[in-house]
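Visitor: Before I ask anything, let me first share the structure, which is written out below as structure tokens.
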Protein chains: 2
Amino acid sequence: MKPKSITLNDIAKKLGVSIITVSKALRGHPDISKKTADLVKKTAYELGYTPNLIARSLASRKSNTIGVVLPQIAHHFFSSLMDQIYTYAHSKNYAIFLTVSQENQMMQRTQIQTLLAMRVDGILISITQDTSDFEIFEIAKKREVPIVFVDRIPNLKNCNTVTVDDKGGAYKAINHAVKIGYKKFAHFAGSSKINIGRERILGFKQALNDNGIEVKNNWIIEGDFVEKSGYDSFMKLFNENDLPEMILAVTYPVAIGIYMAAKEVGIKIPEELDVICFGNSHVQEFLSPPLSCINQPTDILAKQSIDLLISIIDNSENVNPQSVVVDTDLIIRGTCVIKK
Amino acid sequence: MKPKSITLNDIAKKLGVSIITVSKALRGHPDISKKTADLVKKTAYELGYTPNLIARSLASRKSNTIGVVLPQIAHHFFSSLMDQIYTYAHSKNYAIFLTVSQENQMMQRTQIQTLLAMRVDGILISITQDTSDFEIFEIAKKREVPIVFVDRIPNLKNCNTVTVDDKGGAYKAINHAVKIGYKKFAHFAGSSKINIGRERILGFKQALNDNGIEVKNNWIIEGDFVEKSGYDSFMKLFNENDLPEMILAVTYPVAIGIYMAAKEVGIKIPEELDVICFGNSHVQEFLSPPLSCINQPTDILAKQSIDLLISIIDNSENVNPQSVVVDTDLIIRGTCVIKK
DNA sequence: ATTCAGTAGTAGAACGTTTAGATAGCTACA
DNA sequence: TGTAGCTATCTAAACGTTCTACTACTGAAT
């Protein structure tokens with residue numbers, strides 16, 4: 001068994017005061033005189049006291065812990081988001097329980113269950129692409145554990161969301177491409193079961209409409225958000241001999257899939273086929289060619305969602321759900337540049 | 001305040017049995033008959049009971065939680081490692097508290113303090129490049145909270161480590177390059193304050209020695225492990241007009257820094273200068289040119305370190321520290337290929 | 001009949017903290 | 001002199017579990 005660690009009781013005994021006095025002194029509670037408080041702190045330090053956060057959580061019914069559920073972590077958007085979430089939450093004195101659902105709805109559900117069992121104060125989640133069962137979110141709501149959805153959100157009324165302006169981002173990119181002379185556009189669209197897929201399609205279509213370009217339905221190819229999907233979609237069009245001039249890739253991995261496939265069959269980017277994607281990473285600068293993108297600012301995304309979550313945790317009577325939308329910006333590198 | 005959640009007590013009352021019976025029944029303890037256990041489980045489900053893991057941890061003095069401390073997360077090696085750690089720990093029924101020290105020794109220290117306060121069952125850590133204060137590790141040891149160091153380890157006797165064969169990896173890469181005709185080698189070595197830096201230098205030197213090539217000291221440039229360091233080191237040599245034929249970059253980001261600098265001044269990779277680095281990511285396939293590397297298998301690293309940590313947690317009497325070393329493999333793409 | 005072993009369950013304390021609500025001693029004011 | 005209002009501290013209960021040790025019963029072996 002563990003060596004018994006130093007507790008409030010040990011300090012109290014040594015000083016001949018009560019446990020409460022020690023507890024309050026250490027937390028800087030005004031009940032205790034400065035003199036006593038200083039003495040307590042000094043003794044605690046000397047004894048090597050470490051507060052037991054588990055006991056504190058149990059007694060105070062507050063864990064100062066946020067549960068984070070991400071569909072993936074080894075992809076740049078999410079690891080960058082996680083970095084920002086961690087840093088910002090830490091500065092607000094919250095610890096992070098990380099879980100990764102691996103795009104698996106069942107895992108996501110059990111992970112939320114576990115987070116609830118751990119009595120996290122709130123949950124920050126980016127849902128799997130195929131989330132169709134919303135019951136678990138209702139369960140959390142019933143338990144009054146606030147949830148903030150970030151980036152990937154469910155199709156539900158009355159929930160707190162922080163998203164990027166996906167529609168506007170897609171519009172911006174296509175509009176830019178039209179201005180420099182492109183006319184034939186495809187969109188490798190990921191899954192339209194999820195908001196980011198749907199919104200990006202909407203922005204894509206609207207940009208074409210506003211520019212008087214016809215939307216060709218078999219140039220909007222659904223799939224998912226990883227490399228293979230980009231690869232397969234490209235190959236489909238290539239084999240049908242039906243390539244467009246420009247592809248809007250729904251994510252950075254999908255763009256990588258396109259790069260893979262194009263390389264394999266000897267199609268030159270950007271000369272024969274051009275690409276732009278959602279999601280930035282400075283490595284894109286060194287791809288061949290350097291990949292232009294619609295940047296989703298993970299720092300703002302993280303800050304907004306943590307702020308929102310903590311504000312709900314702190315005054316749970318205020319139940320008006322909020323929807324925050326964060327702007328994107330276009331980063332043009334070596335793709336999406338050729339004047340036609 | 002929170003709505004009171006369902007507790008063992010609620011179930012016990014409803015069924016007219018004791019709390020203990022319910023507790024044991026839910027945990028599948030053999031004390032309880034199947035009939036009773038089934039009834040309890042059914043009732044628990046109906047009432048929507050969620051065990052309170054905080055209370056359980058307090059009572060059982062076991063949190064089933066592992067604290068992870070990484071120097072960074074938004075870099076591929078660490079996010080990939082984290083992915084594997086999470087997945088494997090989860091399969092072993094452990095939750096993960098993630099902290100990110102941002103290469104800051106002071107933050108690292110307070111994060112370990114916090115993890116101790118949270119009463120994690122063990123800590124998995126990759127230390128900051130400049131860790132010089134080992135006291136905190138001693139504190140953890142005194143508290144009998146096991147620590148496993150992974151990849152980046154301190155210069156300490158008697159600790160549990162899981163590393164890749166850095167020396168062997170560097171040796172392998174240089175040896176390969178020599179075989180295809182290279183003779184002039186530099187090493188952008190990161191910090192030699194930390195094992196990975198030191199070991200890679202050792203392997204680099206030994207490979208040169210074994211091949212009868214002189215080690216030129218101003219071609220071993222120390223720095224740190226990020227892009228800027230690769231960029232600066234390259235520029236230093238370039239400005240001194242003292243470029244080698246081949247650079248061994250201590251990490252993937254350092255290699256990216258070299259790519260940046262080379263592009264800026266118009267040096268062609270791999271024709272005029274060649275590069276290989278530690279660390280793999282499938283995106284490297286699509287860099288220009290595709291970047292060859294010494295692969296550090298994060299899945300094995302994660303599995304070995306979690307296994308080791310859990311084995312120490314489970315039988316803490318066995319105190320013989322272990323050092324696991326994982327093999328690397330060379331992945332040759334579009335660099336490190338030109339026969340001279 | 002007595003003992004033994006096994007099964008099914010229970011009682012009470014413990015884990016280390018916080019919270020709400022005393023208490024006790026002091027000062028000041030009418 | 002009484003009371004109001006401070007300050008500094010304490011008492012008791014609570015948080016929701018699990019652990020150690022015990023009881024009560026059953027049936028079989030002696």
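Labels for the structure tokens follow display order: chains A, B, ..., residues from 1 in each chain, ligands from 1.
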Looking only at alpha helix (DSSP H) from DSSP on the backbone, list the matching residues of stretch 117-267 of chain A as a ChimeraX atom specification.
Guide: /A:117,135-142,166-179,195-210,227-239,252-265
Visitor: Check every residue of chain C for an atom within 12 Å of chain A, counting only C-alpha atoms (C1' of nucleotides), and provide those that qualify as an MDAnalysis selection string.
Guide: chainID C and resid 15:19
Visitor: Keeping only C-alpha atoms (C1' of nucleotides), take the residues you just selected and write them out as a PDB file, in the first residue's frame.
Guide:
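Result written to out_9.pdb:
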ATOM      1  C1'  DC C  15     -10.845   7.775   2.747  1.00  0.00           C
ATOM      2  C1'  DG C  16      -9.494  13.509   3.150  1.00  0.00           C
ATOM      3  C1'  DT C  17     -11.720  17.113   2.349  1.00  0.00           C
ATOM      4  C1'  DT C  18     -15.546  21.134   2.545  1.00  0.00           C
ATOM      5  C1'  DT C  19     -19.770  23.314   4.221  1.00  0.00           C
TER       6       DT C  19
END
Visitor: Would you mind telling me which residue in B:Ala249, B:Val22, B:Val178, B:Ile136 lies nearest to chain D when using only C-alpha atoms (C1' of nucleotides)?
Guide: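 Under the stated criterion, the closest residue is B:Val22.
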Visitor: Quick one: everything within 9 Å of A:Leu156, counting only C-alpha atoms (C1' of nucleotides), minus sequence neighbours fewer than 3 positions away in the same chain. Send it as a PyMOL selection string.
Guide: chain A and resi 134+153+159
Visitor: Specify as JSON, numbers by chain all residues of chain B found within 8 Å of chain A, counting only C-alpha atoms.
Guide: {"B": [2, 3, 5, 50, 51, 52, 53, 54, 55, 57, 58, 72, 73, 74, 75, 76, 79, 80, 82, 83, 86, 87, 95, 96, 97, 98, 99, 100, 113, 116, 117, 118, 119, 143, 144, 256, 259, 260, 283, 286, 287, 288, 289]}
Visitor: Would you save the residues of that selection, restricted to N, CA and C atoms, as a short mmCIF file (atom, residue, chain, number, x, y, z; two decimals), in the first residue's frame?
Guide:
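What ended up in part_34.cif:
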data_model
loop_
_atom_site.label_atom_id
_atom_site.label_comp_id
_atom_site.auth_asym_id
_atom_site.auth_seq_id
_atom_site.Cartn_x
_atom_site.Cartn_y
_atom_site.Cartn_z
N LYS B 2 -26.01 21.19 -8.27
CA LYS B 2 -26.32 20.04 -9.12
C LYS B 2 -27.56 19.30 -8.61
N PRO B 3 -28.33 18.70 -9.52
CA PRO B 3 -29.39 17.82 -9.06
C PRO B 3 -28.70 16.63 -8.41
N SER B 5 -27.45 13.28 -7.71
CA SER B 5 -27.46 12.13 -8.61
C SER B 5 -27.75 10.86 -7.83
N THR B 50 -25.07 6.27 -12.30
CA THR B 50 -23.69 6.39 -12.81
C THR B 50 -22.76 6.38 -11.61
N PRO B 51 -21.84 5.43 -11.54
CA PRO B 51 -20.96 5.38 -10.37
C PRO B 51 -20.19 6.69 -10.23
N ASN B 52 -19.92 7.08 -9.04
CA ASN B 52 -19.12 8.28 -8.81
C ASN B 52 -17.67 7.86 -8.64
N LEU B 53 -16.94 8.06 -9.73
CA LEU B 53 -15.54 7.60 -9.75
C LEU B 53 -14.67 8.37 -8.75
N ILE B 54 -15.09 9.57 -8.43
CA ILE B 54 -14.32 10.35 -7.45
C ILE B 54 -14.42 9.69 -6.08
N ALA B 55 -15.64 9.37 -5.71
CA ALA B 55 -15.85 8.71 -4.41
C ALA B 55 -15.14 7.36 -4.40
N SER B 57 -12.53 6.49 -6.07
CA SER B 57 -11.09 6.69 -5.97
C SER B 57 -10.69 7.00 -4.53
N LEU B 58 -11.46 7.84 -3.90
CA LEU B 58 -11.14 8.23 -2.53
C LEU B 58 -11.16 7.02 -1.62
N GLN B 72 5.31 19.02 -25.89
CA GLN B 72 4.51 19.66 -26.92
C GLN B 72 3.45 18.66 -27.33
N ILE B 73 2.40 19.17 -27.99
CA ILE B 73 1.41 18.23 -28.50
C ILE B 73 1.11 18.46 -29.97
N ALA B 74 1.29 19.69 -30.43
CA ALA B 74 0.94 20.00 -31.82
C ALA B 74 2.07 19.64 -32.79
N HIS B 75 2.92 18.69 -32.42
CA HIS B 75 3.93 18.20 -33.35
C HIS B 75 3.71 16.71 -33.54
N HIS B 76 3.96 16.28 -34.76
CA HIS B 76 3.46 14.97 -35.13
C HIS B 76 3.94 13.83 -34.25
N SER B 79 1.84 14.03 -31.01
CA SER B 79 0.41 13.77 -31.14
C SER B 79 0.19 12.32 -31.53
N SER B 80 1.09 11.80 -32.33
CA SER B 80 0.97 10.39 -32.69
C SER B 80 1.21 9.50 -31.47
N MET B 82 0.71 10.36 -28.41
CA MET B 82 -0.45 10.55 -27.53
C MET B 82 -1.61 9.69 -27.98
N ASP B 83 -1.83 9.65 -29.28
CA ASP B 83 -2.89 8.84 -29.84
C ASP B 83 -2.74 7.39 -29.39
N TYR B 86 -3.19 7.05 -25.56
CA TYR B 86 -4.58 7.08 -25.16
C TYR B 86 -5.28 5.77 -25.46
N THR B 87 -5.12 5.31 -26.69
CA THR B 87 -5.83 4.12 -27.12
C THR B 87 -5.44 2.91 -26.28
N ALA B 95 -7.80 6.01 -17.44
CA ALA B 95 -8.08 7.31 -18.04
C ALA B 95 -6.79 8.12 -18.06
N ILE B 96 -6.77 9.13 -18.91
CA ILE B 96 -5.56 9.92 -19.11
C ILE B 96 -5.77 11.38 -18.72
N PHE B 97 -4.93 11.85 -17.82
CA PHE B 97 -4.83 13.29 -17.60
C PHE B 97 -3.67 13.80 -18.44
N LEU B 98 -3.98 14.66 -19.39
CA LEU B 98 -2.93 15.18 -20.25
C LEU B 98 -2.43 16.53 -19.76
N THR B 99 -1.13 16.72 -19.70
CA THR B 99 -0.58 18.05 -19.49
C THR B 99 0.52 18.29 -20.51
N VAL B 100 0.72 19.54 -20.85
CA VAL B 100 1.72 19.91 -21.86
C VAL B 100 2.65 20.96 -21.27
N GLN B 113 3.32 18.22 -9.89
CA GLN B 113 2.71 18.49 -8.58
C GLN B 113 1.20 18.28 -8.65
N LEU B 116 0.22 14.72 -8.97
CA LEU B 116 0.34 14.06 -7.67
C LEU B 116 -0.86 14.41 -6.80
N ALA B 117 -1.24 15.67 -6.82
CA ALA B 117 -2.39 16.10 -6.02
C ALA B 117 -3.66 15.41 -6.49
N MET B 118 -3.70 15.11 -7.79
CA MET B 118 -4.87 14.43 -8.33
C MET B 118 -4.83 12.94 -8.03
N ARG B 119 -3.76 12.52 -7.42
CA ARG B 119 -3.60 11.12 -7.04
C ARG B 119 -3.69 10.19 -8.24
N ARG B 143 6.61 9.58 -2.79
CA ARG B 143 5.17 9.35 -2.64
C ARG B 143 4.76 7.98 -3.21
N GLU B 144 5.75 7.27 -3.75
CA GLU B 144 5.47 5.97 -4.37
C GLU B 144 4.49 6.06 -5.53
N ILE B 256 12.22 20.48 -41.47
CA ILE B 256 11.35 21.47 -42.11
C ILE B 256 12.02 22.85 -42.13
N TYR B 259 14.36 22.87 -44.90
CA TYR B 259 13.64 23.05 -46.15
C TYR B 259 13.31 24.52 -46.37
N MET B 260 12.83 25.18 -45.31
CA MET B 260 12.46 26.60 -45.41
C MET B 260 13.65 27.44 -45.84
N VAL B 283 2.86 12.56 -44.07
CA VAL B 283 2.88 13.78 -44.89
C VAL B 283 4.25 13.97 -45.55
N PHE B 286 4.80 13.71 -49.15
CA PHE B 286 4.33 14.72 -50.10
C PHE B 286 5.08 16.03 -50.01
N LEU B 287 6.13 16.03 -49.23
CA LEU B 287 7.00 17.20 -49.23
C LEU B 287 7.77 17.20 -50.53
N SER B 288 8.39 18.31 -50.81
CA SER B 288 9.20 18.41 -52.01
C SER B 288 10.64 18.72 -51.62
N PRO B 289 11.52 17.75 -51.72
CA PRO B 289 11.28 16.35 -52.08
C PRO B 289 10.76 15.56 -50.88
#
Visitor: Please report the interatomic distance between atom C1' of C:DC29 and atom CA of A:Lys34 in Å with one decimal.
Guide: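 Taking atom C1' of C:DC29 as the start and atom CA of A:Lys34 as the end point, the length is 28.2 Å.
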Visitor: Give me the residues within 10 Å of C:DC4 as a PDB file with N, CA and C atoms (P, O5', C5', C4', C3', O3' and C1' of nucleotides), in the first residue's frame, counting only C-alpha atoms (C1' of nucleotides) and dropping any in the same chain fewer than 4 places off.
Guide:
ATOM      1  P    DA D  28     -26.292 -31.884   1.641  1.00  0.00           P
ATOM      2  O5'  DA D  28     -24.837 -32.392   2.044  1.00  0.00           O
ATOM      3  C5'  DA D  28     -23.700 -31.611   1.657  1.00  0.00           C
ATOM      4  C4'  DA D  28     -22.542 -31.950   2.566  1.00  0.00           C
ATOM      5  C3'  DA D  28     -22.405 -33.448   2.882  1.00  0.00           C
ATOM      6  O3'  DA D  28     -21.047 -33.805   2.762  1.00  0.00           O
ATOM      7  C1'  DA D  28     -22.464 -32.200   4.883  1.00  0.00           C
ATOM      8  P    DA D  29     -20.622 -35.298   2.606  1.00  0.00           P
ATOM      9  O5'  DA D  29     -19.558 -35.437   3.786  1.00  0.00           O
ATOM     10  C5'  DA D  29     -18.541 -34.436   3.915  1.00  0.00           C
ATOM     11  C4'  DA D  29     -17.983 -34.497   5.324  1.00  0.00           C
ATOM     12  C3'  DA D  29     -17.642 -35.904   5.814  1.00  0.00           C
ATOM     13  O3'  DA D  29     -16.371 -35.860   6.461  1.00  0.00           O
ATOM     14  C1'  DA D  29     -19.094 -34.854   7.349  1.00  0.00           C
ATOM     15  P    DT D  30     -15.656 -37.241   6.837  1.00  0.00           P
ATOM     16  O5'  DT D  30     -15.842 -37.294   8.415  1.00  0.00           O
ATOM     17  C5'  DT D  30     -15.158 -36.322   9.249  1.00  0.00           C
ATOM     18  C4'  DT D  30     -15.789 -36.348  10.637  1.00  0.00           C
ATOM     19  C3'  DT D  30     -15.620 -37.679  11.381  1.00  0.00           C
ATOM     20  O3'  DT D  30     -14.609 -37.545  12.386  1.00  0.00           O
ATOM     21  C1'  DT D  30     -17.779 -36.687  11.712  1.00  0.00           C
TER      22       DT D  30
END
Visitor: Fewer than 6 positions away in the same chain doesn't count, so skip those; otherwise give me all residues within 7 Å of stretch 327-331 of chain A, counting only C-alpha atoms (C1' of nucleotides), as an NGL selection string.
Guide: :A and (164-165 or 169 or 173 or 292-297)
Visitor: Pull out every residue of chain D that has at least one atom within 12 Å of chain A, counting only C-alpha atoms (C1' of nucleotides), and report them as a tab-separated table (two decimals) with N, CA and C atoms (P, O5', C5', C4', C3', O3' and C1' of nucleotides), in the first residue's frame.
Guide:
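Below is the file out.tsv, written as the result:
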chain	number	residue	atom	x	y	z
D	6	DC	P	-20.60	43.99	11.52
D	6	DC	O5'	-19.01	44.02	11.56
D	6	DC	C5'	-18.35	42.81	11.72
D	6	DC	C4'	-17.33	42.92	12.82
D	6	DC	C3'	-16.24	41.89	12.61
D	6	DC	O3'	-15.13	42.53	12.00
D	6	DC	C1'	-17.05	41.86	14.88
D	7	DT	P	-14.24	41.65	11.02
D	7	DT	O5'	-13.41	40.77	12.04
D	7	DT	C5'	-12.64	41.39	13.06
D	7	DT	C4'	-12.03	40.29	13.90
D	7	DT	C3'	-11.35	39.20	13.08
D	7	DT	O3'	-10.06	38.99	13.62
D	7	DT	C1'	-12.92	38.24	14.58
D	8	DA	P	-9.01	38.10	12.80
D	8	DA	O5'	-9.19	36.72	13.56
D	8	DA	C5'	-8.92	36.66	14.96
D	8	DA	C4'	-9.27	35.29	15.45
D	8	DA	C3'	-8.74	34.15	14.57
D	8	DA	O3'	-8.01	33.27	15.41
D	8	DA	C1'	-11.02	33.84	15.04
D	9	DT	P	-7.15	32.10	14.74
D	9	DT	O5'	-8.15	30.90	14.97
D	9	DT	C5'	-8.45	30.52	16.32
D	9	DT	C4'	-9.72	29.74	16.36
D	9	DT	C3'	-9.68	28.36	15.74
D	9	DT	O3'	-9.28	27.44	16.71
D	9	DT	C1'	-11.82	29.43	15.60
D	10	DC	P	-9.16	25.89	16.37
D	10	DC	O5'	-10.64	25.38	16.64
D	10	DC	C5'	-11.25	25.64	17.90
D	10	DC	C4'	-12.68	25.13	17.88
D	10	DC	C3'	-12.80	23.64	17.48
D	10	DC	O3'	-13.59	22.97	18.45
D	10	DC	C1'	-14.25	24.99	16.16
D	11	DT	P	-13.52	21.38	18.51
D	11	DT	O5'	-15.05	20.95	18.42
D	11	DT	C5'	-16.08	21.89	18.72
D	11	DT	C4'	-17.40	21.35	18.17
D	11	DT	C3'	-17.42	19.85	17.89
D	11	DT	O3'	-18.66	19.34	18.33
D	11	DT	C1'	-17.95	21.04	15.91
D	12	DA	P	-18.93	17.78	18.28
D	12	DA	O5'	-19.84	17.69	16.98
D	12	DA	C5'	-20.78	18.75	16.69
D	12	DA	C4'	-21.56	18.40	15.45
D	12	DA	C3'	-21.64	16.90	15.15
D	12	DA	O3'	-22.91	16.66	14.59
D	12	DA	C1'	-20.57	17.98	13.36
D	13	DA	P	-23.34	15.19	14.12
D	13	DA	O5'	-23.55	15.40	12.57
D	13	DA	C5'	-24.22	16.59	12.12
D	13	DA	C4'	-24.02	16.73	10.63
D	13	DA	C3'	-24.26	15.45	9.83
D	13	DA	O3'	-25.05	15.79	8.71
D	13	DA	C1'	-22.16	16.37	9.28
D	14	DA	P	-25.77	14.64	7.86
D	14	DA	O5'	-25.05	14.81	6.44
D	14	DA	C5'	-24.98	16.12	5.85
D	14	DA	C4'	-23.88	16.08	4.82
D	14	DA	C3'	-23.92	14.86	3.90
D	14	DA	O3'	-24.26	15.27	2.61
D	14	DA	C1'	-21.70	15.40	4.62
D	15	DC	P	-24.84	14.21	1.59
D	15	DC	O5'	-23.82	14.17	0.38
D	15	DC	C5'	-23.00	15.28	0.01
D	15	DC	C4'	-21.75	14.75	-0.61
D	15	DC	C3'	-21.84	13.29	-1.08
D	15	DC	O3'	-22.25	13.28	-2.44
D	15	DC	C1'	-19.75	13.79	-0.01
D	16	DG	P	-23.46	12.30	-2.90
D	16	DG	O5'	-22.69	10.93	-3.15
D	16	DG	C5'	-21.72	10.90	-4.18
D	16	DG	C4'	-20.93	9.62	-4.03
D	16	DG	C3'	-21.78	8.35	-4.03
D	16	DG	O3'	-21.16	7.45	-4.91
D	16	DG	C1'	-20.33	8.37	-2.18
D	17	DT	P	-21.85	6.14	-5.41
D	17	DT	O5'	-20.55	5.23	-5.57
D	17	DT	C5'	-20.22	4.32	-4.54
D	17	DT	C4'	-18.77	4.48	-4.20
D	17	DT	C3'	-18.17	3.17	-3.75
D	17	DT	O3'	-17.44	2.62	-4.83
D	17	DT	C1'	-17.73	4.92	-2.17
Visitor: Based on the backbone DSSP call, show me all residues of stretch 102-308 of chain A assigned strand (DSSP E or B), as a ChimeraX atom specification.
Guide: /A:122-125,147-150,160-164,185-190,220-222,246-249,274-278,287,293-295
Visitor: Quick one: distance from atom CA of A:Val265 to atom CA of B:Gly334 in Å, one decimal?
Guide: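 Atom-to-atom, atom CA of A:Val265 to atom CA of B:Gly334, that is 17.6 Å.
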Visitor: Just the number, please: distance in Å from atom C1' of D:DG2 to atom C1' of C:DG25, one decimal.
Guide: 16.0 Å
